[in-house]
file protein.cif (mmCIF, C-alpha atoms)
data_final
loop_
_atom_site.group_PDB
_atom_site.id
_atom_site.type_symbol
_atom_site.label_atom_id
_atom_site.label_comp_id
_atom_site.auth_asym_id
_atom_site.auth_seq_id
_atom_site.Cartn_x
_atom_site.Cartn_y
_atom_site.Cartn_z
ATOM 1 C CA MET A 1383 87.694 108.176 117.760
ATOM 2 C CA THR A 1384 89.664 106.819 114.795
ATOM 3 C CA PRO A 1385 88.751 103.241 113.822
ATOM 4 C CA GLN A 1386 91.641 100.860 114.310
ATOM 5 C CA ILE A 1387 92.605 97.273 113.629
ATOM 6 C CA PRO A 1388 92.502 95.469 117.004
ATOM 7 C CA GLY A 1389 96.003 94.916 118.407
ATOM 8 C CA PHE A 1390 97.658 97.254 115.894
ATOM 9 C CA ASP A 1391 99.481 100.530 116.473
ATOM 10 C CA LEU A 1392 98.458 103.445 114.283
ATOM 11 C CA HIS A 1393 101.022 106.120 113.448
ATOM 12 C CA ASP A 1394 102.158 108.541 110.774
ATOM 13 C CA VAL A 1395 105.432 108.042 108.906
ATOM 14 C CA SER A 1396 107.021 110.941 107.036
ATOM 15 C CA GLN A 1397 108.292 110.094 103.558
ATOM 16 C CA ALA A 1398 109.759 112.158 100.739
ATOM 17 C CA ALA A 1399 106.414 111.691 98.952
ATOM 18 C CA GLY A 1400 104.478 112.878 102.028
ATOM 19 C CA ARG A 1401 103.060 111.597 105.299
ATOM 20 C CA LEU A 1402 101.638 108.067 105.352
ATOM 21 C CA ARG A 1403 99.162 106.723 107.918
ATOM 22 C CA VAL A 1404 100.304 103.206 108.851
ATOM 23 C CA ALA A 1405 98.904 100.455 111.058
ATOM 24 C CA THR A 1406 101.437 97.884 112.289
ATOM 25 C CA GLY A 1407 101.122 94.781 114.389
ATOM 26 C CA GLY A 1408 102.475 91.319 115.065
ATOM 27 C CA ALA A 1409 105.958 89.862 114.995
ATOM 28 C CA GLY A 1410 107.822 87.730 112.494
ATOM 29 C CA PRO A 1411 108.669 88.062 108.816
ATOM 30 C CA PRO A 1412 107.304 91.339 107.419
ATOM 31 C CA VAL A 1413 104.299 91.472 105.111
ATOM 32 C CA LEU A 1414 102.955 94.640 103.516
ATOM 33 C CA LEU A 1415 99.185 94.760 102.835
ATOM 34 C CA LEU A 1416 98.012 97.251 100.189
ATOM 35 C CA HIS A 1417 94.327 98.144 99.912
ATOM 36 C CA GLY A 1418 92.282 98.927 96.820
ATOM 37 C CA PHE A 1419 90.129 101.797 95.606
ATOM 38 C CA PRO A 1420 88.404 103.567 97.367
ATOM 39 C CA GLN A 1421 89.493 101.876 100.576
ATOM 40 C CA THR A 1422 91.996 102.469 103.386
ATOM 41 C CA HIS A 1423 94.176 100.207 105.537
ATOM 42 C CA LEU A 1424 90.957 99.197 107.333
ATOM 43 C CA ALA A 1425 90.099 96.988 104.348
ATOM 44 C CA TRP A 1426 92.454 94.460 106.013
ATOM 45 C CA ARG A 1427 90.802 94.633 109.479
ATOM 46 C CA ALA A 1428 89.557 91.020 109.377
ATOM 47 C CA VAL A 1429 92.729 89.509 107.890
ATOM 48 C CA ALA A 1430 95.514 91.554 109.505
ATOM 49 C CA PRO A 1431 95.045 90.305 113.108
ATOM 50 C CA LEU A 1432 95.172 86.692 111.884
ATOM 51 C CA LEU A 1433 98.354 87.331 109.917
ATOM 52 C CA ALA A 1434 99.845 89.164 112.915
ATOM 53 C CA GLU A 1435 99.920 85.861 114.788
ATOM 54 C CA ARG A 1436 102.854 84.842 112.553
ATOM 55 C CA PHE A 1437 104.019 87.970 110.732
ATOM 56 C CA ARG A 1438 104.931 91.620 111.246
ATOM 57 C CA VAL A 1439 102.039 93.198 109.361
ATOM 58 C CA VAL A 1440 102.236 96.691 107.837
ATOM 59 C CA CYS A 1441 98.995 98.248 106.533
ATOM 60 C CA PRO A 1442 99.438 101.767 105.132
ATOM 61 C CA ASP A 1443 96.850 104.066 103.656
ATOM 62 C CA LEU A 1444 98.141 104.498 100.111
ATOM 63 C CA PRO A 1445 99.139 108.089 99.243
ATOM 64 C CA GLY A 1446 96.020 110.205 98.812
ATOM 65 C CA TYR A 1447 93.770 107.696 100.588
ATOM 66 C CA GLY A 1448 92.435 107.809 104.145
ATOM 67 C CA ALA A 1449 94.703 109.802 106.447
ATOM 68 C CA SER A 1450 97.768 109.686 104.148
ATOM 69 C CA ALA A 1451 98.822 112.916 102.471
ATOM 70 C CA PRO A 1452 98.178 113.405 98.762
ATOM 71 C CA ALA A 1453 101.076 112.466 96.524
ATOM 72 C CA PRO A 1454 102.615 114.611 93.786
ATOM 73 C CA GLY A 1455 101.707 111.777 91.379
ATOM 74 C CA TYR A 1456 99.886 108.455 91.490
ATOM 75 C CA ALA A 1457 101.757 106.335 88.956
ATOM 76 C CA LYS A 1458 102.023 102.722 90.139
ATOM 77 C CA ARG A 1459 105.819 102.861 89.810
ATOM 78 C CA THR A 1460 105.998 105.959 92.030
ATOM 79 C CA THR A 1461 103.634 104.493 94.617
ATOM 80 C CA ALA A 1462 105.549 101.194 94.589
ATOM 81 C CA ALA A 1463 108.808 103.058 95.285
ATOM 82 C CA THR A 1464 107.068 104.916 98.134
ATOM 83 C CA MET A 1465 105.908 101.612 99.669
ATOM 84 C CA VAL A 1466 109.419 100.104 99.419
ATOM 85 C CA ALA A 1467 110.817 103.244 101.065
ATOM 86 C CA LEU A 1468 108.200 102.928 103.821
ATOM 87 C CA MET A 1469 109.188 99.344 104.537
ATOM 88 C CA ARG A 1470 112.879 100.310 104.657
ATOM 89 C CA GLU A 1471 112.027 103.194 107.010
ATOM 90 C CA LEU A 1472 110.349 100.627 109.277
ATOM 91 C CA GLY A 1473 113.478 98.433 109.189
ATOM 92 C CA HIS A 1474 112.356 95.852 106.609
ATOM 93 C CA GLU A 1475 114.846 95.453 103.752
ATOM 94 C CA ARG A 1476 113.048 92.352 102.385
ATOM 95 C CA PHE A 1477 109.359 91.591 102.722
ATOM 96 C CA ALA A 1478 106.287 89.974 101.218
ATOM 97 C CA VAL A 1479 103.584 92.170 99.740
ATOM 98 C CA VAL A 1480 99.882 91.478 99.207
ATOM 99 C CA GLY A 1481 97.752 93.865 97.179
ATOM 100 C CA HIS A 1482 94.057 94.085 96.423
ATOM 101 C CA ASP A 1483 92.610 95.968 93.430
ATOM 102 C CA ARG A 1484 94.695 99.157 92.970
ATOM 103 C CA GLY A 1485 97.019 97.909 95.708
ATOM 104 C CA ALA A 1486 97.596 94.773 93.617
ATOM 105 C CA LEU A 1487 98.891 96.873 90.732
ATOM 106 C CA VAL A 1488 101.226 98.687 93.122
ATOM 107 C CA ALA A 1489 102.364 95.352 94.614
ATOM 108 C CA PHE A 1490 103.029 93.890 91.172
ATOM 109 C CA ARG A 1491 105.018 96.972 90.143
ATOM 110 C CA ALA A 1492 107.022 96.814 93.384
ATOM 111 C CA ALA A 1493 107.903 93.170 92.689
ATOM 112 C CA LEU A 1494 109.071 94.027 89.161
ATOM 113 C CA ASP A 1495 111.018 97.161 90.078
ATOM 114 C CA HIS A 1496 112.407 96.053 93.458
ATOM 115 C CA PRO A 1497 113.158 92.309 93.281
ATOM 116 C CA GLY A 1498 115.814 92.701 95.963
ATOM 117 C CA ALA A 1499 113.195 93.967 98.407
ATOM 118 C CA VAL A 1500 110.079 91.974 97.494
ATOM 119 C CA GLU A 1501 110.463 88.294 98.446
ATOM 120 C CA ARG A 1502 106.913 87.257 97.556
ATOM 121 C CA VAL A 1503 103.926 88.954 95.983
ATOM 122 C CA ALA A 1504 100.217 88.156 95.931
ATOM 123 C CA VAL A 1505 97.834 90.110 93.721
ATOM 124 C CA LEU A 1506 94.138 89.824 94.519
ATOM 125 C CA ASP A 1507 91.026 90.893 92.632
ATOM 126 C CA VAL A 1508 92.617 92.844 89.823
ATOM 127 C CA VAL A 1509 92.201 92.891 86.063
ATOM 128 C CA PRO A 1510 95.661 92.466 84.499
ATOM 129 C CA THR A 1511 96.972 95.471 82.608
ATOM 130 C CA THR A 1512 98.957 95.342 79.385
ATOM 131 C CA ASP A 1513 102.296 95.767 81.192
ATOM 132 C CA MET A 1514 101.355 92.979 83.634
ATOM 133 C CA TRP A 1515 100.750 90.601 80.713
ATOM 134 C CA ALA A 1516 104.040 91.608 79.117
ATOM 135 C CA ALA A 1517 105.925 91.014 82.378
ATOM 136 C CA LEU A 1518 104.368 87.582 82.804
ATOM 137 C CA GLN A 1519 105.716 86.362 79.476
ATOM 138 C CA GLY A 1520 109.222 85.580 78.326
ATOM 139 C CA THR A 1521 112.438 85.177 80.242
ATOM 140 C CA GLY A 1522 111.777 88.114 82.588
ATOM 141 C CA GLY A 1523 108.423 86.872 83.810
ATOM 142 C CA VAL A 1524 106.692 83.841 85.191
ATOM 143 C CA PRO A 1525 107.391 80.585 83.296
ATOM 144 C CA SER A 1526 104.911 80.140 80.473
ATOM 145 C CA THR A 1527 103.494 76.987 82.080
ATOM 146 C CA SER A 1528 102.154 79.157 84.921
ATOM 147 C CA THR A 1529 100.412 81.845 82.888
ATOM 148 C CA CYS A 1530 97.113 82.145 81.133
ATOM 149 C CA SER A 1531 96.928 83.259 77.562
ATOM 150 C CA PRO A 1532 96.198 86.984 77.273
ATOM 151 C CA THR A 1533 94.372 86.277 74.007
ATOM 152 C CA PRO A 1534 90.605 86.365 74.546
ATOM 153 C CA PRO A 1535 88.725 83.237 73.462
ATOM 154 C CA THR A 1536 86.933 83.344 70.138
ATOM 155 C CA SER A 1537 83.156 83.433 70.270
ATOM 156 C CA ARG A 1538 81.217 80.311 69.308
ATOM 157 C CA SER A 1539 77.998 80.277 67.365
ATOM 158 C CA GLY A 1540 74.993 78.235 68.376
#

call {"tool": "encode", "arguments": {"input": "protein.cif", "output": "structure tokens"}}
result
Amino acid sequence: MTPQIPGFDLHDVSQAAGRLRVATGGAGPPVLLLHGFPQTHLAWRAVAPLLAERFRVVCPDLPGYGASAPAPGYAKRTTAATMVALMRELGHERFAVVGHDRGALVAFRAALDHPGAVERVAVLDVVPTTDMWAALQGTGGVPSTSTCSPTPPTSRSG
């Protein structure tokens, strides 16, 4: 028996990048939950049913993880485009996305590359990459009053 998130349907969705295993549940505004490494959609098993009380929750296995098919490439930009295509395939033109670890990098990339699709983004438990820092600064990113300095603190003696 395949483990499932209680109250969620589990199905496969064919995409240009390959087949994705997806758990869906709830009703309301759509929210996409992206797991980290080396997890699957089941990483959200405690949170997803609670969110499903108010939202339409979509929990895919990222390409190459769990029961999803391997992808031809694993660049965050490619995976982000695959996740946006998945949401459109499921009838969601605009949605919120929450990502953890590797999923957070994909979520962040999706928000940058697809601002017309991603209404809100939450990135959890991830070390910012150089391109994340660059995107958070200047006119194209978050206002400077909301960001932390990417410059590491100097060490103190004594």

call {"tool": "atom_distance", "arguments": {"input": "protein.cif", "atom1": "atom CA of Pro1442 of chain A", "atom2": "atom CA of Val1509 of chain A"}}
result
22.2 Å

call {"tool": "closest_residue", "arguments": {"input": "protein.cif", "among": "A:Ala1405, A:Ala1449, A:Val1440, A:Leu1494", "to": "Arg1470 of chain A", "atoms": "all atoms listed in the file"}}
result
A:Val1440

call {"tool": "resolve_selection", "arguments": {"input": "protein.cif", "expression": "the PyMOL selection byres ((chain A and resi 1507) around 8)", "output": "list of chain:residue names"}}
result
A:His1482, A:Asp1483, A:Ala1486, A:Val1505, A:Leu1506, A:Val1508, A:Val1509

call {"tool": "resolve_selection", "arguments": {"input": "protein.cif", "expression": "the PyMOL selection byres ((chain A and resi 1417-1434) around 7)", "output": "tab-separated table (two decimals) with C-alpha atoms, in the coordinates of the input"}}
result
chain	number	residue	atom	x	y	z
A	1387	ILE	CA	92.60	97.27	113.63
A	1388	PRO	CA	92.50	95.47	117.00
A	1407	GLY	CA	101.12	94.78	114.39
A	1408	GLY	CA	102.48	91.32	115.06
A	1409	ALA	CA	105.96	89.86	115.00
A	1415	LEU	CA	99.18	94.76	102.84
A	1416	LEU	CA	98.01	97.25	100.19
A	1435	GLU	CA	99.92	85.86	114.79
A	1436	ARG	CA	102.85	84.84	112.55
A	1437	PHE	CA	104.02	87.97	110.73
A	1438	ARG	CA	104.93	91.62	111.25
A	1439	VAL	CA	102.04	93.20	109.36
A	1441	CYS	CA	99.00	98.25	106.53
A	1442	PRO	CA	99.44	101.77	105.13
A	1443	ASP	CA	96.85	104.07	103.66
A	1447	TYR	CA	93.77	107.70	100.59
A	1448	GLY	CA	92.44	107.81	104.14
A	1481	GLY	CA	97.75	93.86	97.18
A	1482	HIS	CA	94.06	94.08	96.42
A	1483	ASP	CA	92.61	95.97	93.43
A	1484	ARG	CA	94.70	99.16	92.97
A	1485	GLY	CA	97.02	97.91	95.71

call {"tool": "residues_around", "arguments": {"input": "protein.cif", "residues": "segment 1452-1466 of chain A", "least_positions_apart": "6", "cutoff": "12 Å", "atoms": "all atoms listed in the file", "output": "VMD selection string"}}
result
chain A and resid 1395 to 1404 1413 to 1416 1440 to 1446 1472 to 1481 1484 to 1501 1511 1513 to 1514

call {"tool": "axis_aligned_box", "arguments": {"input": "protein.cif", "around": "segment 1449-1468 of chain A", "padding_each_side": "3 Å", "output": "AutoDock Vina command-line options"}}
result
--center_x 102.8 --center_y 107.4 --center_z 97.7 --size_x 22.1 --size_y 20.5 --size_z 23.5

call {"tool": "atom_distance", "arguments": {"input": "protein.cif", "atom1": "atom CA of Arg1502 of chain A", "atom2": "atom CA of Pro1411 of chain A"}}
result
11.4 Å

call {"tool": "atom_distance", "arguments": {"input": "protein.cif", "atom1": "atom CA of Thr1406 of chain A", "atom2": "atom CA of Glu1471 of chain A"}}
result
13.0 Å

call {"tool": "decode", "arguments": {"input": "protein.cif", "residues": "segment 1385-1420 of chain A", "atoms": "N, CA, C and O atoms", "output": "mmCIF file, in the first residue's frame"}}
result
data_model
loop_
_atom_site.group_PDB
_atom_site.id
_atom_site.type_symbol
_atom_site.label_atom_id
_atom_site.label_comp_id
_atom_site.auth_asym_id
_atom_site.auth_seq_id
_atom_site.Cartn_x
_atom_site.Cartn_y
_atom_site.Cartn_z
ATOM 1 N N PRO A 1385 1.801 4.940 0.966
ATOM 2 C CA PRO A 1385 1.416 5.912 2.006
ATOM 3 C C PRO A 1385 0.754 7.130 1.378
ATOM 4 O O PRO A 1385 1.141 7.566 0.293
ATOM 5 N N GLN A 1386 -0.245 7.653 2.048
ATOM 6 C CA GLN A 1386 -0.949 8.817 1.535
ATOM 7 C C GLN A 1386 -1.167 9.847 2.634
ATOM 8 O O GLN A 1386 -1.104 9.528 3.821
ATOM 9 N N ILE A 1387 -1.460 11.064 2.213
ATOM 10 C CA ILE A 1387 -1.865 12.115 3.130
ATOM 11 C C ILE A 1387 -3.364 11.934 3.346
ATOM 12 O O ILE A 1387 -4.121 11.890 2.373
ATOM 13 N N PRO A 1388 -3.813 11.803 4.589
ATOM 14 C CA PRO A 1388 -5.246 11.583 4.844
ATOM 15 C C PRO A 1388 -6.126 12.652 4.193
ATOM 16 O O PRO A 1388 -5.853 13.844 4.296
ATOM 17 N N GLY A 1389 -7.167 12.195 3.475
ATOM 18 C CA GLY A 1389 -8.099 13.105 2.823
ATOM 19 C C GLY A 1389 -7.641 13.621 1.473
ATOM 20 O O GLY A 1389 -8.340 14.422 0.845
ATOM 21 N N PHE A 1390 -6.495 13.190 1.000
ATOM 22 C CA PHE A 1390 -5.950 13.659 -0.275
ATOM 23 C C PHE A 1390 -6.067 12.575 -1.332
ATOM 24 O O PHE A 1390 -5.983 11.387 -1.031
ATOM 25 N N ASP A 1391 -6.256 13.007 -2.576
ATOM 26 C CA ASP A 1391 -6.227 12.100 -3.722
ATOM 27 C C ASP A 1391 -4.799 12.038 -4.240
ATOM 28 O O ASP A 1391 -4.093 13.057 -4.260
ATOM 29 N N LEU A 1392 -4.381 10.881 -4.664
ATOM 30 C CA LEU A 1392 -3.041 10.681 -5.197
ATOM 31 C C LEU A 1392 -3.171 10.253 -6.650
ATOM 32 O O LEU A 1392 -3.897 9.301 -6.956
ATOM 33 N N HIS A 1393 -2.523 10.977 -7.554
ATOM 34 C CA HIS A 1393 -2.608 10.639 -8.970
ATOM 35 C C HIS A 1393 -1.341 11.070 -9.696
ATOM 36 O O HIS A 1393 -0.518 11.802 -9.148
ATOM 37 N N ASP A 1394 -1.203 10.583 -10.915
ATOM 38 C CA ASP A 1394 -0.076 10.943 -11.763
ATOM 39 C C ASP A 1394 -0.548 11.937 -12.819
ATOM 40 O O ASP A 1394 -1.634 11.791 -13.377
ATOM 41 N N VAL A 1395 0.271 12.942 -13.071
ATOM 42 C CA VAL A 1395 -0.025 13.962 -14.076
ATOM 43 C C VAL A 1395 1.113 13.941 -15.086
ATOM 44 O O VAL A 1395 2.282 14.064 -14.712
ATOM 45 N N SER A 1396 0.763 13.776 -16.354
ATOM 46 C CA SER A 1396 1.772 13.775 -17.415
ATOM 47 C C SER A 1396 2.121 15.202 -17.794
ATOM 48 O O SER A 1396 1.242 16.032 -18.012
ATOM 49 N N GLN A 1397 3.403 15.472 -17.856
ATOM 50 C CA GLN A 1397 3.942 16.783 -18.233
ATOM 51 C C GLN A 1397 4.964 16.587 -19.337
ATOM 52 O O GLN A 1397 5.457 15.474 -19.540
ATOM 53 N N ALA A 1398 5.315 17.653 -20.017
ATOM 54 C CA ALA A 1398 6.349 17.580 -21.049
ATOM 55 C C ALA A 1398 7.660 17.077 -20.444
ATOM 56 O O ALA A 1398 8.407 16.341 -21.079
ATOM 57 N N ALA A 1399 7.924 17.439 -19.181
ATOM 58 C CA ALA A 1399 9.154 17.029 -18.513
ATOM 59 C C ALA A 1399 9.066 15.608 -17.956
ATOM 60 O O ALA A 1399 10.045 15.080 -17.460
ATOM 61 N N GLY A 1400 7.883 14.993 -18.013
ATOM 62 C CA GLY A 1400 7.711 13.640 -17.486
ATOM 63 C C GLY A 1400 6.519 13.556 -16.552
ATOM 64 O O GLY A 1400 5.849 14.544 -16.274
ATOM 65 N N ARG A 1401 6.278 12.356 -16.056
ATOM 66 C CA ARG A 1401 5.136 12.108 -15.170
ATOM 67 C C ARG A 1401 5.462 12.581 -13.758
ATOM 68 O O ARG A 1401 6.532 12.340 -13.235
ATOM 69 N N LEU A 1402 4.479 13.266 -13.140
ATOM 70 C CA LEU A 1402 4.626 13.733 -11.766
ATOM 71 C C LEU A 1402 3.593 13.040 -10.883
ATOM 72 O O LEU A 1402 2.416 12.972 -11.236
ATOM 73 N N ARG A 1403 4.008 12.550 -9.734
ATOM 74 C CA ARG A 1403 3.082 12.040 -8.721
ATOM 75 C C ARG A 1403 2.622 13.237 -7.904
ATOM 76 O O ARG A 1403 3.440 14.044 -7.444
ATOM 77 N N VAL A 1404 1.300 13.381 -7.740
ATOM 78 C CA VAL A 1404 0.737 14.567 -7.094
ATOM 79 C C VAL A 1404 -0.355 14.161 -6.118
ATOM 80 O O VAL A 1404 -1.227 13.359 -6.451
ATOM 81 N N ALA A 1405 -0.301 14.725 -4.924
ATOM 82 C CA ALA A 1405 -1.385 14.584 -3.947
ATOM 83 C C ALA A 1405 -2.134 15.908 -3.908
ATOM 84 O O ALA A 1405 -1.517 16.976 -3.848
ATOM 85 N N THR A 1406 -3.473 15.840 -3.971
ATOM 86 C CA THR A 1406 -4.290 17.054 -3.934
ATOM 87 C C THR A 1406 -5.429 16.877 -2.935
ATOM 88 O O THR A 1406 -5.950 15.775 -2.756
ATOM 89 N N GLY A 1407 -5.778 17.980 -2.301
ATOM 90 C CA GLY A 1407 -6.887 17.939 -1.363
ATOM 91 C C GLY A 1407 -7.353 19.336 -1.005
ATOM 92 O O GLY A 1407 -6.656 20.321 -1.246
ATOM 93 N N GLY A 1408 -8.546 19.408 -0.431
ATOM 94 C CA GLY A 1408 -9.087 20.671 0.039
ATOM 95 C C GLY A 1408 -9.771 21.470 -1.051
ATOM 96 O O GLY A 1408 -9.856 21.046 -2.204
ATOM 97 N N ALA A 1409 -10.265 22.632 -0.647
ATOM 98 C CA ALA A 1409 -10.948 23.544 -1.556
ATOM 99 C C ALA A 1409 -10.635 24.966 -1.131
ATOM 100 O O ALA A 1409 -10.452 25.239 0.055
ATOM 101 N N GLY A 1410 -10.561 25.851 -2.100
ATOM 102 C CA GLY A 1410 -10.252 27.248 -1.826
ATOM 103 C C GLY A 1410 -9.126 27.718 -2.715
ATOM 104 O O GLY A 1410 -8.804 27.075 -3.721
ATOM 105 N N PRO A 1411 -8.492 28.827 -2.347
ATOM 106 C CA PRO A 1411 -7.374 29.330 -3.143
ATOM 107 C C PRO A 1411 -6.261 28.283 -3.211
ATOM 108 O O PRO A 1411 -5.978 27.617 -2.206
ATOM 109 N N PRO A 1412 -5.630 28.117 -4.362
ATOM 110 C CA PRO A 1412 -4.611 27.081 -4.506
ATOM 111 C C PRO A 1412 -3.282 27.443 -3.853
ATOM 112 O O PRO A 1412 -2.828 28.577 -3.913
ATOM 113 N N VAL A 1413 -2.672 26.429 -3.238
ATOM 114 C CA VAL A 1413 -1.325 26.566 -2.687
ATOM 115 C C VAL A 1413 -0.525 25.321 -3.061
ATOM 116 O O VAL A 1413 -1.003 24.192 -2.929
ATOM 117 N N LEU A 1414 0.658 25.549 -3.587
ATOM 118 C CA LEU A 1414 1.567 24.503 -4.018
ATOM 119 C C LEU A 1414 2.622 24.312 -2.935
ATOM 120 O O LEU A 1414 3.284 25.268 -2.536
ATOM 121 N N LEU A 1415 2.794 23.081 -2.450
ATOM 122 C CA LEU A 1415 3.786 22.769 -1.419
ATOM 123 C C LEU A 1415 4.907 21.945 -2.038
ATOM 124 O O LEU A 1415 4.660 20.865 -2.582
ATOM 125 N N LEU A 1416 6.137 22.443 -1.957
ATOM 126 C CA LEU A 1416 7.296 21.789 -2.559
ATOM 127 C C LEU A 1416 8.249 21.300 -1.472
ATOM 128 O O LEU A 1416 8.736 22.082 -0.660
ATOM 129 N N HIS A 1417 8.518 20.013 -1.498
ATOM 130 C CA HIS A 1417 9.369 19.370 -0.485
ATOM 131 C C HIS A 1417 10.851 19.616 -0.742
ATOM 132 O O HIS A 1417 11.248 20.127 -1.786
ATOM 133 N N GLY A 1418 11.667 19.187 0.203
ATOM 134 C CA GLY A 1418 13.112 19.316 0.095
ATOM 135 C C GLY A 1418 13.795 18.015 -0.261
ATOM 136 O O GLY A 1418 13.164 17.027 -0.631
ATOM 137 N N PHE A 1419 15.105 18.003 -0.113
ATOM 138 C CA PHE A 1419 15.932 16.835 -0.394
ATOM 139 C C PHE A 1419 16.189 16.095 0.906
ATOM 140 O O PHE A 1419 16.523 16.727 1.906
ATOM 141 N N PRO A 1420 16.098 14.814 0.927
ATOM 142 C CA PRO A 1420 15.699 13.826 -0.081
ATOM 143 C C PRO A 1420 14.266 13.353 0.143
ATOM 144 O O PRO A 1420 14.001 12.159 0.209
#
